[in-house]
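See below for the structure under consideration.
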Amino acid sequence: MDVTTMNTYLQSQYANAAKQAAEETTKSIGKITADSSKEEVTEAVKSFETYMMEQVLKQMKESFVDENDEEEDNSISMYKDFFMDKMYSEMASQIVDQVGDNITEDFVDQIMRNYGITGTTNLPLEDISPDDASVSEDIAKENTNTVTGVLA
């Protein structure tokens, strides 16, 4: 395999990987419906946040590094770019997992409100909640010293 063929192959792989990441994020967000569970929404939101954080990291790097200063062979540059994209993706995922809990929960809550998703499963909240009588009995058991009877 000559250098030109290798360069062409690396360029197509690099372009396909970036395009695939964006498409996967779009598909995961696009799959959210009123029947989605909280877990599905959370997964889609984390995918979106990771992609966005990855783009932020890339832009930060570009603002600090002058591209004209880097004089490298084009094939070496492709390997480096491919490796750096993997590194940005991993870093973004770790940042979202370690720091982004509050933001993730806010996004998930907002999406669930917008789509009318009520529970953590695909069943509506009313179908999985306990009945009024058992709730009253549970409250009475917890407060036995103040409650003398339960009205049903």
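By order of appearance in the structure tokens: chains A, B, ..., then residues from 1 within every chain, and ligands from 1 in the order shown.
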
Using only C-alpha atoms, what does the table of region 72-106 of chain A residues within 10 Å of region 15-35 of chain A look like, with each row giving the shortest atom pair and its distance in Å to one decimal, sorted by chain and ascending number, as a Markdown table?
```
| residue | atom | partner | partner_atom | distance |
| --- | --- | --- | --- | --- |
| A:Phe82 | CA | A:Ala17 | CA | 8.7 |
| A:Asp85 | CA | A:Ala18 | CA | 8.4 |
| A:Lys86 | CA | A:Ala17 | CA | 9.7 |
| A:Ser89 | CA | A:Ala21 | CA | 9.5 |
```

Show which residues sit within 12 Å of Met52 (chain A), as number ranges by chain. Count only C-alpha atoms, and ignore same-chain residues fewer than 4 positions away.
-> A: 21-22, 25-26, 45-48, 56-59, 88-89, 91-93, 95-96

CA of Lys80 (chain A) and CA of Thr8 (chain A), how far apart in Å?
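About the pair CA of Thr8 (chain A) and CA of Lys80 (chain A): they are 15.1 Å apart.
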
query = CA of Ile117 (chain A) and CA of Val41 (chain A) are how many Å apart?
reply =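 Taking CA of Ile117 (chain A) as the start and CA of Val41 (chain A) as the end point, the length is 9.6 Å.
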
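Coordinates place CA of Ser12 (chain A) at a distance of 23.8 Å from CA of Met53 (chain A).
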
request  = Go through A:Phe64, A:Glu49, A:Glu39, A:Tyr79 one by one, measure the shortest atom-to-atom distance of each to Asp97 (chain A) using only C-alpha atoms, and give the residue with the smallest value.
outcome  =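 Smallest separation from Asp97 (chain A) among the options: A:Glu49.
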
One residue among A:Ser77, A:Ser37, A:Met87, A:Gln55 is nearest to Asp109 (chain A) when using only C-alpha atoms, and that residue is A:Ser37
